[in-house]
Amino acid sequence: MESKTCVVTGASRGIGRGIAERFGAAGCEVAVNYHSSDEAAQAVVEAVEAAGGEAIAVQADVTDPEQVDLMAEDVQEAFGEIDVLVNNAGINQDVFFEEMTHEQWGAVLDVHLDGAFNCTQTFYDDIVEAESGRLINISSIVAKGGNLGQANYATAKAGIFGFTRTLAHELAREGSTANCVAPGFIETSMVTDLPDSIIEQVEEDTPLGRIGDVEEVADVVAFLASERSSFITGEVIDVNGGMDL
């Protein structure tokens, strides 16, 4: 992966940060997209550079096509055309369906689905023209089994499956690939902020008996971004400790 140029959305924390740092360790040029936390994004840039890569922080609300286009201009100016796009940006607004508002429903779908659409459309030509272009979308185990209070999140993440498989068909004509990674419960603030009783139940329901590490997801993403994955496309790779068995 050395010298590949990668864009990771929602990269200022959590899984996105782990992916950016993993790309840095592989010697990549990394565009660290963030929505609002400039300080956190700059910390990721420093971590990527310390790991051996090059990085810039690029602010953009992925739901806004104009902001995504401006982000692409910044990436182009710094690094040129990209090789890898990781659509990771996401939010959750959890509430039981009977209490869910149109705003809560729409906000989550906007970030996950419109965000993936906007970023992929903007960088599509780069992925097609790259020698080994890679589109990698981050979904969730919740897309498969649903989860209490997450009708919006589960629907958005399930939509990523169909989006990925369709793009895999279309990108294959140019020799590029599209794949999806569906993490289970991973040690990020979204999970560690849950009550201990819920975490204990998750661990009990997971055959491997624990929640996952960010690095375990990032390693799978790095593999899919590498030359070694060149005959894999349209797949959903689960990283969930066997939770869906």
# chains A, B, ... in the order shown; residues from 1 in each chain; ligands from 1
>>> residues_around(residues="region 111-118 of chain A", least_positions_apart="6", cutoff="6 Å", atoms="only C-alpha atoms", output="short mmCIF file (atom, residue, chain, number, x, y, z; two decimals) with C-alpha atoms, in the first residue's frame")
data_model
loop_
_atom_site.label_atom_id
_atom_site.label_comp_id
_atom_site.auth_asym_id
_atom_site.auth_seq_id
_atom_site.Cartn_x
_atom_site.Cartn_y
_atom_site.Cartn_z
CA VAL A 62 -20.41 14.68 4.02
CA THR A 63 -24.15 15.35 3.67
CA PRO A 65 -22.17 17.89 -1.83
CA ASN A 87 -16.83 5.80 3.69
CA GLY A 90 -21.66 8.05 10.73
CA ALA A 156 -28.90 3.07 6.95
#
>>> select_by_dssp(residues="region 2-244 of chain A", states="alpha helix (DSSP H)", output="PyMOL selection string")
chain A and resi 14-25+38-51+65-79+102-109+115-129+142-145+151-172+189-192+196-205+214-225
>>> closest_residue(among="A:Ala151, A:Val84, A:Ala130, A:Val236", to="Glu99 (chain A)", atoms="only C-alpha atoms")
A:Ala151
>>> residues_around(residues="Arg134 (chain A)", least_positions_apart="3", cutoff="12 Å", atoms="only C-alpha atoms", output="PyMOL selection string")
chain A and resi 1+4-8+82-87+120+123-131+137+164+167-168+171-172+174-180+221-234
>>> atom_distance(atom1="CA of Gly14 (chain A)", atom2="CA of Gln150 (chain A)")
19.3 Å
>>> closest_atom_pairs(of="region 84-172 of chain A", to="region 184-195 of chain A", cutoff="12 Å", atoms="only C-alpha atoms", output="JSON lines")
{"residue": "A:Gly90", "atom": "CA", "partner": "A:Met190", "partner_atom": "CA", "distance": 11.1}
{"residue": "A:Ile91", "atom": "CA", "partner": "A:Met190", "partner_atom": "CA", "distance": 9.6}
{"residue": "A:Asn92", "atom": "CA", "partner": "A:Met190", "partner_atom": "CA", "distance": 8.9}
{"residue": "A:Gln93", "atom": "CA", "partner": "A:Met190", "partner_atom": "CA", "distance": 11.2}
{"residue": "A:Asp94", "atom": "CA", "partner": "A:Met190", "partner_atom": "CA", "distance": 11.3}
{"residue": "A:Ile138", "atom": "CA", "partner": "A:Gly184", "partner_atom": "CA", "distance": 11.1}
{"residue": "A:Ser139", "atom": "CA", "partner": "A:Gly184", "partner_atom": "CA", "distance": 9.4}
{"residue": "A:Ser140", "atom": "CA", "partner": "A:Gly184", "partner_atom": "CA", "distance": 6.2}
{"residue": "A:Ile141", "atom": "CA", "partner": "A:Gly184", "partner_atom": "CA", "distance": 5.1}
{"residue": "A:Val142", "atom": "CA", "partner": "A:Gly184", "partner_atom": "CA", "distance": 7.7}
{"residue": "A:Ala143", "atom": "CA", "partner": "A:Gly184", "partner_atom": "CA", "distance": 10.2}
{"residue": "A:Lys144", "atom": "CA", "partner": "A:Gly184", "partner_atom": "CA", "distance": 10.5}
{"residue": "A:Gly145", "atom": "CA", "partner": "A:Gly184", "partner_atom": "CA", "distance": 10.9}
{"residue": "A:Gly146", "atom": "CA", "partner": "A:Gly184", "partner_atom": "CA", "distance": 11.9}
{"residue": "A:Asn147", "atom": "CA", "partner": "A:Gly184", "partner_atom": "CA", "distance": 11.9}
>>> select_by_dssp(residues="region 2-232 of chain A", states="strand (DSSP E)", output="JSON, numbers by chain")
{"A": [5, 6, 7, 8, 29, 30, 31, 32, 33, 34, 54, 55, 56, 57, 58, 59, 84, 85, 86, 87, 134, 135, 136, 137, 138, 177, 178, 179, 180, 181, 182, 183]}
>>> residues_around(residues="region 66-72 of chain A", least_positions_apart="2", cutoff="9 Å", atoms="only C-alpha atoms", output="PDB file with C-alpha atoms, in the first residue's frame")
ATOM      1  CA  ASN A  33     -11.952  13.995   6.999  1.00  0.00           C
ATOM      2  CA  VAL A  58      -9.936  18.108   5.589  1.00  0.00           C
ATOM      3  CA  GLN A  59     -13.165  19.462   7.033  1.00  0.00           C
ATOM      4  CA  ALA A  60     -16.447  18.639   5.312  1.00  0.00           C
ATOM      5  CA  ASP A  61     -19.986  17.743   6.229  1.00  0.00           C
ATOM      6  CA  VAL A  62     -20.412  14.677   4.018  1.00  0.00           C
ATOM      7  CA  THR A  63     -24.149  15.348   3.669  1.00  0.00           C
ATOM      8  CA  ASP A  64     -23.346  18.551   1.754  1.00  0.00           C
ATOM      9  CA  ASP A  74      -7.965  20.212  -0.957  1.00  0.00           C
ATOM     10  CA  VAL A  75      -6.993  16.546  -1.320  1.00  0.00           C
ATOM     11  CA  GLN A  76      -6.149  17.025  -5.003  1.00  0.00           C
ATOM     12  CA  GLU A  77      -3.946  20.023  -4.194  1.00  0.00           C
ATOM     13  CA  GLY A 115     -22.727  10.879   2.787  1.00  0.00           C
ATOM     14  CA  ASN A 118     -21.730  12.239  -2.117  1.00  0.00           C
ATOM     15  CA  CYS A 119     -18.185  11.124  -1.367  1.00  0.00           C
ATOM     16  CA  THR A 122     -17.057  13.011  -6.033  1.00  0.00           C
ATOM     17  CA  PHE A 123     -14.117  10.583  -5.966  1.00  0.00           C
TER      18      PHE A 123
END
>>> decode(residues="region 94-109 of chain A", atoms="all heavy atoms", output="PDB file, in the first residue's frame")
ATOM      1  N   ASP A  94     -30.358   7.179  18.770  1.00  0.00           N
ATOM      2  CA  ASP A  94     -31.108   5.993  19.175  1.00  0.00           C
ATOM      3  C   ASP A  94     -32.345   6.356  19.988  1.00  0.00           C
ATOM      4  O   ASP A  94     -32.267   7.113  20.960  1.00  0.00           O
ATOM      5  CB  ASP A  94     -30.219   5.068  20.007  1.00  0.00           C
ATOM      6  CG  ASP A  94     -28.996   4.581  19.237  1.00  0.00           C
ATOM      7  OD1 ASP A  94     -28.970   4.753  18.005  1.00  0.00           O
ATOM      8  OD2 ASP A  94     -28.090   4.019  19.874  1.00  0.00           O
ATOM      9  N   VAL A  95     -33.462   5.766  19.579  1.00  0.00           N
ATOM     10  CA  VAL A  95     -34.720   5.935  20.298  1.00  0.00           C
ATOM     11  C   VAL A  95     -35.676   4.870  19.763  1.00  0.00           C
ATOM     12  O   VAL A  95     -35.603   4.485  18.594  1.00  0.00           O
ATOM     13  CB  VAL A  95     -35.295   7.359  20.085  1.00  0.00           C
ATOM     14  CG1 VAL A  95     -35.601   7.624  18.619  1.00  0.00           C
ATOM     15  CG2 VAL A  95     -36.521   7.582  20.945  1.00  0.00           C
ATOM     16  N   PHE A  96     -36.554   4.368  20.603  1.00  0.00           N
ATOM     17  CA  PHE A  96     -37.524   3.379  20.136  1.00  0.00           C
ATOM     18  C   PHE A  96     -38.364   3.974  19.007  1.00  0.00           C
ATOM     19  O   PHE A  96     -38.680   5.166  18.995  1.00  0.00           O
ATOM     20  CB  PHE A  96     -38.423   2.919  21.282  1.00  0.00           C
ATOM     21  CG  PHE A  96     -37.736   1.956  22.212  1.00  0.00           C
ATOM     22  CD1 PHE A  96     -37.491   2.308  23.531  1.00  0.00           C
ATOM     23  CD2 PHE A  96     -37.335   0.702  21.764  1.00  0.00           C
ATOM     24  CE1 PHE A  96     -36.856   1.423  24.392  1.00  0.00           C
ATOM     25  CE2 PHE A  96     -36.699  -0.176  22.619  1.00  0.00           C
ATOM     26  CZ  PHE A  96     -36.456   0.177  23.934  1.00  0.00           C
ATOM     27  N   PHE A  97     -38.739   3.117  18.062  1.00  0.00           N
ATOM     28  CA  PHE A  97     -39.378   3.585  16.836  1.00  0.00           C
ATOM     29  C   PHE A  97     -40.636   4.406  17.103  1.00  0.00           C
ATOM     30  O   PHE A  97     -40.886   5.407  16.429  1.00  0.00           O
ATOM     31  CB  PHE A  97     -39.722   2.399  15.928  1.00  0.00           C
ATOM     32  CG  PHE A  97     -40.304   2.818  14.615  1.00  0.00           C
ATOM     33  CD1 PHE A  97     -39.491   3.339  13.623  1.00  0.00           C
ATOM     34  CD2 PHE A  97     -41.666   2.727  14.379  1.00  0.00           C
ATOM     35  CE1 PHE A  97     -40.024   3.759  12.407  1.00  0.00           C
ATOM     36  CE2 PHE A  97     -42.210   3.145  13.179  1.00  0.00           C
ATOM     37  CZ  PHE A  97     -41.391   3.658  12.188  1.00  0.00           C
ATOM     38  N   GLU A  98     -41.427   4.008  18.084  1.00  0.00           N
ATOM     39  CA  GLU A  98     -42.674   4.722  18.347  1.00  0.00           C
ATOM     40  C   GLU A  98     -42.426   6.165  18.771  1.00  0.00           C
ATOM     41  O   GLU A  98     -43.326   7.010  18.676  1.00  0.00           O
ATOM     42  CB  GLU A  98     -43.488   3.988  19.417  1.00  0.00           C
ATOM     43  CG  GLU A  98     -42.798   3.893  20.773  1.00  0.00           C
ATOM     44  CD  GLU A  98     -43.597   3.058  21.766  1.00  0.00           C
ATOM     45  OE1 GLU A  98     -44.769   2.763  21.485  1.00  0.00           O
ATOM     46  OE2 GLU A  98     -43.024   2.696  22.819  1.00  0.00           O
ATOM     47  N   GLU A  99     -41.219   6.459  19.220  1.00  0.00           N
ATOM     48  CA  GLU A  99     -40.876   7.814  19.649  1.00  0.00           C
ATOM     49  C   GLU A  99     -39.964   8.527  18.647  1.00  0.00           C
ATOM     50  O   GLU A  99     -39.636   9.702  18.824  1.00  0.00           O
ATOM     51  CB  GLU A  99     -40.182   7.764  21.012  1.00  0.00           C
ATOM     52  CG  GLU A  99     -41.032   7.131  22.104  1.00  0.00           C
ATOM     53  CD  GLU A  99     -40.240   6.869  23.375  1.00  0.00           C
ATOM     54  OE1 GLU A  99     -39.034   7.173  23.394  1.00  0.00           O
ATOM     55  OE2 GLU A  99     -40.829   6.361  24.343  1.00  0.00           O
ATOM     56  N   MET A 100     -39.550   7.839  17.608  1.00  0.00           N
ATOM     57  CA  MET A 100     -38.588   8.405  16.656  1.00  0.00           C
ATOM     58  C   MET A 100     -39.241   9.484  15.791  1.00  0.00           C
ATOM     59  O   MET A 100     -40.332   9.298  15.260  1.00  0.00           O
ATOM     60  CB  MET A 100     -38.019   7.296  15.765  1.00  0.00           C
ATOM     61  CG  MET A 100     -36.893   7.740  14.847  1.00  0.00           C
ATOM     62  SD  MET A 100     -36.141   6.333  13.989  1.00  0.00           S
ATOM     63  CE  MET A 100     -35.309   5.504  15.355  1.00  0.00           C
ATOM     64  N   THR A 101     -38.546  10.607  15.661  1.00  0.00           N
ATOM     65  CA  THR A 101     -39.051  11.709  14.840  1.00  0.00           C
ATOM     66  C   THR A 101     -38.527  11.590  13.413  1.00  0.00           C
ATOM     67  O   THR A 101     -37.556  10.872  13.139  1.00  0.00           O
ATOM     68  CB  THR A 101     -38.609  13.065  15.414  1.00  0.00           C
ATOM     69  OG1 THR A 101     -37.171  13.166  15.307  1.00  0.00           O
ATOM     70  CG2 THR A 101     -39.032  13.201  16.879  1.00  0.00           C
ATOM     71  N   HIS A 102     -39.177  12.309  12.507  1.00  0.00           N
ATOM     72  CA  HIS A 102     -38.703  12.360  11.125  1.00  0.00           C
ATOM     73  C   HIS A 102     -37.280  12.913  11.077  1.00  0.00           C
ATOM     74  O   HIS A 102     -36.458  12.475  10.262  1.00  0.00           O
ATOM     75  CB  HIS A 102     -39.635  13.227  10.277  1.00  0.00           C
ATOM     76  CG  HIS A 102     -40.930  12.579   9.945  1.00  0.00           C
ATOM     77  ND1 HIS A 102     -41.062  11.611   8.976  1.00  0.00           N
ATOM     78  CD2 HIS A 102     -42.169  12.750  10.474  1.00  0.00           C
ATOM     79  CE1 HIS A 102     -42.324  11.217   8.902  1.00  0.00           C
ATOM     80  NE2 HIS A 102     -43.021  11.884   9.808  1.00  0.00           N
ATOM     81  N   GLU A 103     -37.009  13.870  11.951  1.00  0.00           N
ATOM     82  CA  GLU A 103     -35.673  14.470  11.977  1.00  0.00           C
ATOM     83  C   GLU A 103     -34.617  13.451  12.395  1.00  0.00           C
ATOM     84  O   GLU A 103     -33.526  13.409  11.810  1.00  0.00           O
ATOM     85  CB  GLU A 103     -35.652  15.668  12.925  1.00  0.00           C
ATOM     86  CG  GLU A 103     -36.424  16.887  12.433  1.00  0.00           C
ATOM     87  CD  GLU A 103     -37.932  16.720  12.521  1.00  0.00           C
ATOM     88  OE1 GLU A 103     -38.406  15.839  13.290  1.00  0.00           O
ATOM     89  OE2 GLU A 103     -38.659  17.458  11.819  1.00  0.00           O
ATOM     90  N   GLN A 104     -34.920  12.642  13.401  1.00  0.00           N
ATOM     91  CA  GLN A 104     -33.966  11.615  13.850  1.00  0.00           C
ATOM     92  C   GLN A 104     -33.773  10.543  12.787  1.00  0.00           C
ATOM     93  O   GLN A 104     -32.665  10.053  12.584  1.00  0.00           O
ATOM     94  CB  GLN A 104     -34.453  10.994  15.163  1.00  0.00           C
ATOM     95  CG  GLN A 104     -34.360  11.933  16.350  1.00  0.00           C
ATOM     96  CD  GLN A 104     -35.104  11.416  17.560  1.00  0.00           C
ATOM     97  OE1 GLN A 104     -36.158  10.787  17.453  1.00  0.00           O
ATOM     98  NE2 GLN A 104     -34.560  11.674  18.746  1.00  0.00           N
ATOM     99  N   TRP A 105     -34.848  10.177  12.137  1.00  0.00           N
ATOM    100  CA  TRP A 105     -34.754   9.205  11.041  1.00  0.00           C
ATOM    101  C   TRP A 105     -33.888   9.770   9.913  1.00  0.00           C
ATOM    102  O   TRP A 105     -32.937   9.150   9.458  1.00  0.00           O
ATOM    103  CB  TRP A 105     -36.160   8.881  10.528  1.00  0.00           C
ATOM    104  CG  TRP A 105     -36.202   8.027   9.296  1.00  0.00           C
ATOM    105  CD1 TRP A 105     -36.285   8.451   8.001  1.00  0.00           C
ATOM    106  CD2 TRP A 105     -36.163   6.598   9.237  1.00  0.00           C
ATOM    107  NE1 TRP A 105     -36.310   7.378   7.141  1.00  0.00           N
ATOM    108  CE2 TRP A 105     -36.237   6.230   7.877  1.00  0.00           C
ATOM    109  CE3 TRP A 105     -36.078   5.598  10.211  1.00  0.00           C
ATOM    110  CZ2 TRP A 105     -36.220   4.902   7.453  1.00  0.00           C
ATOM    111  CZ3 TRP A 105     -36.061   4.276   9.785  1.00  0.00           C
ATOM    112  CH2 TRP A 105     -36.136   3.937   8.430  1.00  0.00           C
ATOM    113  N   GLY A 106     -34.224  10.971   9.475  1.00  0.00           N
ATOM    114  CA  GLY A 106     -33.540  11.557   8.326  1.00  0.00           C
ATOM    115  C   GLY A 106     -32.088  11.877   8.581  1.00  0.00           C
ATOM    116  O   GLY A 106     -31.232  11.689   7.703  1.00  0.00           O
ATOM    117  N   ALA A 107     -31.773  12.356   9.779  1.00  0.00           N
ATOM    118  CA  ALA A 107     -30.393  12.747  10.069  1.00  0.00           C
ATOM    119  C   ALA A 107     -29.443  11.570   9.953  1.00  0.00           C
ATOM    120  O   ALA A 107     -28.334  11.693   9.398  1.00  0.00           O
ATOM    121  CB  ALA A 107     -30.309  13.355  11.468  1.00  0.00           C
ATOM    122  N   VAL A 108     -29.856  10.420  10.455  1.00  0.00           N
ATOM    123  CA  VAL A 108     -28.982   9.240  10.417  1.00  0.00           C
ATOM    124  C   VAL A 108     -28.838   8.726   8.991  1.00  0.00           C
ATOM    125  O   VAL A 108     -27.727   8.398   8.543  1.00  0.00           O
ATOM    126  CB  VAL A 108     -29.531   8.143  11.357  1.00  0.00           C
ATOM    127  CG1 VAL A 108     -28.745   6.848  11.198  1.00  0.00           C
ATOM    128  CG2 VAL A 108     -29.461   8.628  12.804  1.00  0.00           C
ATOM    129  N   LEU A 109     -29.937   8.665   8.237  1.00  0.00           N
ATOM    130  CA  LEU A 109     -29.836   8.211   6.845  1.00  0.00           C
ATOM    131  C   LEU A 109     -29.030   9.184   6.001  1.00  0.00           C
ATOM    132  O   LEU A 109     -28.284   8.776   5.103  1.00  0.00           O
ATOM    133  CB  LEU A 109     -31.231   8.008   6.242  1.00  0.00           C
ATOM    134  CG  LEU A 109     -31.786   6.579   6.361  1.00  0.00           C
ATOM    135  CD1 LEU A 109     -32.034   6.195   7.822  1.00  0.00           C
ATOM    136  CD2 LEU A 109     -33.063   6.410   5.554  1.00  0.00           C
TER     137      LEU A 109
END
